[in-house]
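Notes follow the structure.
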Amino acid sequence: MEKWAIINDWHIPKQDNRKIALWMKLMKKWKPDHITINGDFDDMEAPSRWTAGTPAEYTERISITTQTDAVKILNDIRKDHPDANIDWLDGNHEHRIYEYVAKNAPALVDYITIPSIFGLENLGIEYQKYGEPPKEKFGGMYVHHGQKISGNAGESVRKEIEHYGVSMIMGHTHRMGNYNVTYFDGRKLKGYEGGHMTDVKQMDYAPFHNWQSGFLIGYVDGDRCWIDLCQFEDNSLVFEGKLYEA
């Protein structure tokens with residue numbers, strides 16, 4: 001049986017370092033065969049339309065250009081898992097760089113990309129751009145960062161399932177939840193929202209966050225796939241029956 005780790009919405013450099021350090025420790029021990037980065041790995045606050053016309057448009061840096069933050073973490077993941085299959089599905093935050101360059105420097109759209117900035121080819125990481133159809137992974141389970149948003153956990157992935165008609169894993173909502181539906185013909189669809197691992201104190205665009213922190217893991221046996229939600233309670237996490245503190 002193969003192991004699959006799914007992460008999303010770290011929003012580096014606004015990440016929760018304690019939770020991410022625990023994830024790194026657990027995964028190094030667990031040894032996943034597959035790792036999916038399901039969008040919003042980097043916050044990409046600047047440059048983007050959100051900072052256009054403000055000093056931050058010119059003074060903020062893309063966090064990975066100095067080989068710190070996101071690139072360092074990404075290289076650490078590859079170093080810890082040299083033989084794992086790793087793929088990155090863009091999120092709406094990474095997509096900001098494409099929108100900004102297309103508007104302000106269209107001649108560079110083929111050069112300033114997520115793969116080129118992060119060196120994904122050198123790291124052997126497969127890439128899919130935001131807005132492309134969901135990617136089928138294992139056992140009829142599809143993955144993409146997501147676009148549908150509802151107010152509570154599990155409701156957004158229900159909308160994704162209803163839209164695409166397939167089982168789905170998504171990020172985007174910063175919520176952890178699942179949704180199941182069984183049809184009269186015996187067909188079953190499953191959906192999962194993968195939470196987040198941000199430092200919510202730095203996520204200042206909402207007065208209240210109906211969010212849940214955590215990540216997903218999966219077990220793959222041929223054409224079958226089981227997904228587990230690994231949710232933090234404050235800084236505590238139970239992983240495979242054992243309690244850990246971040």
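Following the order of the structure tokens, first chain is A, next is B, and so on, with residues numbered from 1 inside each chain and ligands from 1 in the order they appear.
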ask   = region 123-171 of chain A: which residues are helix (DSSP H, G or I) by DSSP, as a PyMOL selection string?
value = chain A and resi 123+155-164
Check your understanding: Got a sec: who's within 7 Å of region 8-13 of chain A, counting only C-alpha atoms, leaving out chain neighbours fewer than 3 positions off, as a PyMOL selection string?
Key -> chain A and resi 37-43+63+69-70+171-172+174+194+196-198
The selected residues should be written to file as a PDB file, in the first residue's frame (atoms: N, CA and C atoms).
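Output file selection.pdb is given in full below:
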ATOM      1  N   ILE A  37       1.333  19.199  -3.342  1.00  0.00           N
ATOM      2  CA  ILE A  37       1.223  20.566  -2.832  1.00  0.00           C
ATOM      3  C   ILE A  37       0.038  21.189  -3.556  1.00  0.00           C
ATOM      4  N   ASN A  38      -1.053  21.354  -2.840  1.00  0.00           N
ATOM      5  CA  ASN A  38      -2.322  21.711  -3.486  1.00  0.00           C
ATOM      6  C   ASN A  38      -2.642  23.203  -3.371  1.00  0.00           C
ATOM      7  N   GLY A  39      -1.674  24.027  -3.730  1.00  0.00           N
ATOM      8  CA  GLY A  39      -1.907  25.449  -3.916  1.00  0.00           C
ATOM      9  C   GLY A  39      -1.745  26.317  -2.686  1.00  0.00           C
ATOM     10  N   ASP A  40      -1.489  27.598  -2.959  1.00  0.00           N
ATOM     11  CA  ASP A  40      -1.264  28.634  -1.946  1.00  0.00           C
ATOM     12  C   ASP A  40      -0.153  28.239  -0.983  1.00  0.00           C
ATOM     13  N   PHE A  41       0.869  27.600  -1.521  1.00  0.00           N
ATOM     14  CA  PHE A  41       2.083  27.297  -0.765  1.00  0.00           C
ATOM     15  C   PHE A  41       2.781  28.600  -0.394  1.00  0.00           C
ATOM     16  N   ASP A  42       2.855  29.520  -1.357  1.00  0.00           N
ATOM     17  CA  ASP A  42       3.394  30.856  -1.135  1.00  0.00           C
ATOM     18  C   ASP A  42       2.253  31.860  -1.183  1.00  0.00           C
ATOM     19  N   ASP A  43       2.316  32.873  -0.350  1.00  0.00           N
ATOM     20  CA  ASP A  43       1.231  33.847  -0.274  1.00  0.00           C
ATOM     21  C   ASP A  43       1.185  34.777  -1.483  1.00  0.00           C
ATOM     22  N   SER A  63       8.991  36.124  -1.772  1.00  0.00           N
ATOM     23  CA  SER A  63       9.724  35.550  -0.638  1.00  0.00           C
ATOM     24  C   SER A  63      10.813  34.575  -1.056  1.00  0.00           C
ATOM     25  N   ASP A  69      12.622  31.150   3.079  1.00  0.00           N
ATOM     26  CA  ASP A  69      11.196  30.890   3.171  1.00  0.00           C
ATOM     27  C   ASP A  69      10.770  29.742   2.259  1.00  0.00           C
ATOM     28  N   ALA A  70       9.975  30.051   1.232  1.00  0.00           N
ATOM     29  CA  ALA A  70       9.328  28.998   0.455  1.00  0.00           C
ATOM     30  C   ALA A  70      10.318  28.087  -0.257  1.00  0.00           C
ATOM     31  N   GLY A 171      -8.141  22.574  -1.590  1.00  0.00           N
ATOM     32  CA  GLY A 171      -7.652  23.467  -0.553  1.00  0.00           C
ATOM     33  C   GLY A 171      -8.532  24.704  -0.553  1.00  0.00           C
ATOM     34  N   HIS A 172      -7.892  25.873  -0.552  1.00  0.00           N
ATOM     35  CA  HIS A 172      -8.549  27.156  -0.818  1.00  0.00           C
ATOM     36  C   HIS A 172      -9.395  27.675   0.336  1.00  0.00           C
ATOM     37  N   HIS A 174      -9.335  26.941   3.629  1.00  0.00           N
ATOM     38  CA  HIS A 174      -8.693  26.949   4.944  1.00  0.00           C
ATOM     39  C   HIS A 174      -9.529  26.185   5.979  1.00  0.00           C
ATOM     40  N   GLY A 194      -8.728  20.450   2.809  1.00  0.00           N
ATOM     41  CA  GLY A 194      -7.467  20.125   3.473  1.00  0.00           C
ATOM     42  C   GLY A 194      -6.957  21.086   4.520  1.00  0.00           C
ATOM     43  N   HIS A 196      -5.411  24.259   6.553  1.00  0.00           N
ATOM     44  CA  HIS A 196      -4.343  25.229   6.286  1.00  0.00           C
ATOM     45  C   HIS A 196      -3.274  25.057   7.343  1.00  0.00           C
ATOM     46  N   MET A 197      -2.124  25.685   7.128  1.00  0.00           N
ATOM     47  CA  MET A 197      -1.090  25.772   8.163  1.00  0.00           C
ATOM     48  C   MET A 197      -0.467  27.162   8.141  1.00  0.00           C
ATOM     49  N   THR A 198      -1.323  28.175   8.298  1.00  0.00           N
ATOM     50  CA  THR A 198      -0.873  29.555   8.382  1.00  0.00           C
ATOM     51  C   THR A 198      -0.786  29.992   9.840  1.00  0.00           C
TER      52      THR A 198
END
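Residue neighbourhood of Glu121 (chain A), excluding near-sequence residues (fewer than 4 positions): Arg78, Ile86, Asp87, Trp88, Thr113, Ile114, Pro115, Ser116, Ile117, Ile125, Glu126 and Tyr127 of chain A, at 12 Å, using only C-alpha atoms.
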Dump as a PDB file, in the first residue's frame, selection limited to N, CA and C atoms:
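Just written: part-v7.pdb:
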ATOM      1  N   ARG A  78      12.089  18.124  -0.565  1.00  0.00           N
ATOM      2  CA  ARG A  78      12.718  17.219  -1.538  1.00  0.00           C
ATOM      3  C   ARG A  78      13.897  16.479  -0.919  1.00  0.00           C
ATOM      4  N   ILE A  86       6.468  14.138  -6.365  1.00  0.00           N
ATOM      5  CA  ILE A  86       5.935  15.393  -5.836  1.00  0.00           C
ATOM      6  C   ILE A  86       5.300  16.176  -6.970  1.00  0.00           C
ATOM      7  N   ASP A  87       4.084  16.657  -6.739  1.00  0.00           N
ATOM      8  CA  ASP A  87       3.461  17.540  -7.717  1.00  0.00           C
ATOM      9  C   ASP A  87       2.899  18.769  -7.019  1.00  0.00           C
ATOM     10  N   TRP A  88       2.839  19.851  -7.773  1.00  0.00           N
ATOM     11  CA  TRP A  88       2.388  21.151  -7.282  1.00  0.00           C
ATOM     12  C   TRP A  88       1.251  21.614  -8.178  1.00  0.00           C
ATOM     13  N   THR A 113       7.519  32.612 -14.099  1.00  0.00           N
ATOM     14  CA  THR A 113       6.502  31.589 -13.836  1.00  0.00           C
ATOM     15  C   THR A 113       6.803  30.913 -12.504  1.00  0.00           C
ATOM     16  N   ILE A 114       5.830  30.206 -11.983  1.00  0.00           N
ATOM     17  CA  ILE A 114       6.063  29.468 -10.741  1.00  0.00           C
ATOM     18  C   ILE A 114       7.174  28.423 -10.914  1.00  0.00           C
ATOM     19  N   PRO A 115       7.187  27.621 -11.981  1.00  0.00           N
ATOM     20  CA  PRO A 115       8.291  26.667 -12.137  1.00  0.00           C
ATOM     21  C   PRO A 115       9.655  27.322 -12.204  1.00  0.00           C
ATOM     22  N   SER A 116       9.765  28.472 -12.900  1.00  0.00           N
ATOM     23  CA  SER A 116      11.075  29.119 -13.014  1.00  0.00           C
ATOM     24  C   SER A 116      11.495  29.766 -11.704  1.00  0.00           C
ATOM     25  N   ILE A 117      10.583  30.389 -10.993  1.00  0.00           N
ATOM     26  CA  ILE A 117      10.913  31.051  -9.730  1.00  0.00           C
ATOM     27  C   ILE A 117      11.339  30.035  -8.676  1.00  0.00           C
ATOM     28  N   ILE A 125       9.725  18.288  -9.625  1.00  0.00           N
ATOM     29  CA  ILE A 125       8.351  18.478  -9.178  1.00  0.00           C
ATOM     30  C   ILE A 125       7.460  18.782 -10.368  1.00  0.00           C
ATOM     31  N   GLU A 126       6.430  17.984 -10.550  1.00  0.00           N
ATOM     32  CA  GLU A 126       5.474  18.180 -11.639  1.00  0.00           C
ATOM     33  C   GLU A 126       4.556  19.341 -11.295  1.00  0.00           C
ATOM     34  N   TYR A 127       4.175  20.125 -12.296  1.00  0.00           N
ATOM     35  CA  TYR A 127       3.443  21.373 -12.045  1.00  0.00           C
ATOM     36  C   TYR A 127       2.177  21.450 -12.886  1.00  0.00           C
TER      37      TYR A 127
END
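When CA of Asp80 (chain A) is paired with CA of Lys242 (chain A), their separation reads 21.6 Å.
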Can you tell me which residues surround Asp83 (chain A) at a distance of at most 10 Å, considering only C-alpha atoms, apart from same-chain residues fewer than 4 positions away, and format the answer as a PDB file with C-alpha atoms, in the first residue's frame?
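Dumped everything to out-v3.pdb:
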ATOM      1  CA  LYS A  31       7.915   8.276   4.275  1.00  0.00           C
ATOM      2  CA  PRO A  32       5.129   9.089   1.779  1.00  0.00           C
ATOM      3  CA  ASP A  33       5.482   7.768  -1.749  1.00  0.00           C
ATOM      4  CA  HIS A  34       3.595  10.765  -3.143  1.00  0.00           C
ATOM      5  CA  ARG A  78      12.718  17.219  -1.538  1.00  0.00           C
ATOM      6  CA  LYS A  79      15.820  16.498   0.557  1.00  0.00           C
ATOM      7  CA  GLY A 124      11.737  17.024 -10.097  1.00  0.00           C
TER       8      GLY A 124
END
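Distances here use only C-alpha atoms; by that measure, the residue among A:Glu245, A:Asp234, A:Asp76, A:Asp221 closest to Trp4 (chain A) is A:Asp221.
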Handout entry: Residues within 8 Å of Leu22 (chain A), only C-alpha atoms, excluding chain neighbours under 3 positions, as a PyMOL selection string
Key = chain A and resi 18-19+25-26+245-246
Let's have the selection written as a PDB file, in the first residue's frame, with N, CA and C atoms.
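Below is the file again.pdb, written as the result:
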ATOM      1  N   ARG A  18       5.645  26.215  13.719  1.00  0.00           N
ATOM      2  CA  ARG A  18       5.580  25.079  14.633  1.00  0.00           C
ATOM      3  C   ARG A  18       4.844  23.909  13.993  1.00  0.00           C
ATOM      4  N   LYS A  19       3.737  24.187  13.365  1.00  0.00           N
ATOM      5  CA  LYS A  19       2.956  23.120  12.734  1.00  0.00           C
ATOM      6  C   LYS A  19       3.697  22.531  11.546  1.00  0.00           C
ATOM      7  N   LYS A  25       8.640  16.638  10.438  1.00  0.00           N
ATOM      8  CA  LYS A  25       9.122  15.547  11.282  1.00  0.00           C
ATOM      9  C   LYS A  25       8.304  14.278  11.061  1.00  0.00           C
ATOM     10  N   LEU A  26       6.982  14.426  11.033  1.00  0.00           N
ATOM     11  CA  LEU A  26       6.121  13.264  10.847  1.00  0.00           C
ATOM     12  C   LEU A  26       6.320  12.626   9.481  1.00  0.00           C
ATOM     13  N   GLU A 245       2.809  17.114  19.919  1.00  0.00           N
ATOM     14  CA  GLU A 245       2.661  18.534  20.210  1.00  0.00           C
ATOM     15  C   GLU A 245       3.572  19.316  19.278  1.00  0.00           C
ATOM     16  N   ALA A 246       2.990  20.291  18.612  1.00  0.00           N
ATOM     17  CA  ALA A 246       3.783  21.123  17.699  1.00  0.00           C
ATOM     18  C   ALA A 246       4.630  22.112  18.495  1.00  0.00           C
TER      19      ALA A 246
END
From the list A:Lys135, A:Lys103, A:His209, A:Arg187, the nearest residue to Ala153 (chain A) using only C-alpha atoms is A:His209
Using only C-alpha atoms, which residues sit within 10 Å of Val220 (chain A) once same-chain residues fewer than 2 positions away are excluded, as number ranges by chain? A: 1-4, 33-34, 137-139, 218, 222-227
Min atom-atom distance to Phe118 (chain A) from the set A:Ala102, A:Val71, A:Ala21, A:Met170, counting only C-alpha atoms, belongs to A:Val71
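Considering the residues A:Asp16, A:Ala5, A:Leu123, A:Tyr111 and counting only C-alpha atoms, Phe232 (chain A) has its shortest atom-to-atom contact with A:Asp16.
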What does the distance from CA of Thr36 (chain A) to CA of Ile7 (chain A) come to in Å, to one decimal?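 Going from CA of Thr36 (chain A) over to CA of Ile7 (chain A), I get 6.3 Å.
Between Asp204 (chain A) and the residues A:Leu108, A:Gly131, A:Lys14, A:Asn152, the shortest atom-to-atom distance, using only C-alpha atoms, involves A:Lys14.
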> Excluding same-chain residues fewer than 5 positions from Glu136 (chain A), what lies within 12 Å of it counting only C-alpha atoms, as a PyMOL selection string?
Replying inline: chain A and resi 36+89+128+141-144+164+166-169+223+225
Distance in Å - CA of Glu99 (chain A) versus CA of Ile73 (chain A):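 The value is 24.8 Å.
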Run DSSP on the backbone and grab whatever in region 9-232 of chain A lands in strand (DSSP E or B); send it over as a PyMOL selection string. chain A and resi 12+15+34-37+42+85-89+125-128+135-136+141-143+167-170+176-182+188-194+196+198+213-221+224-231
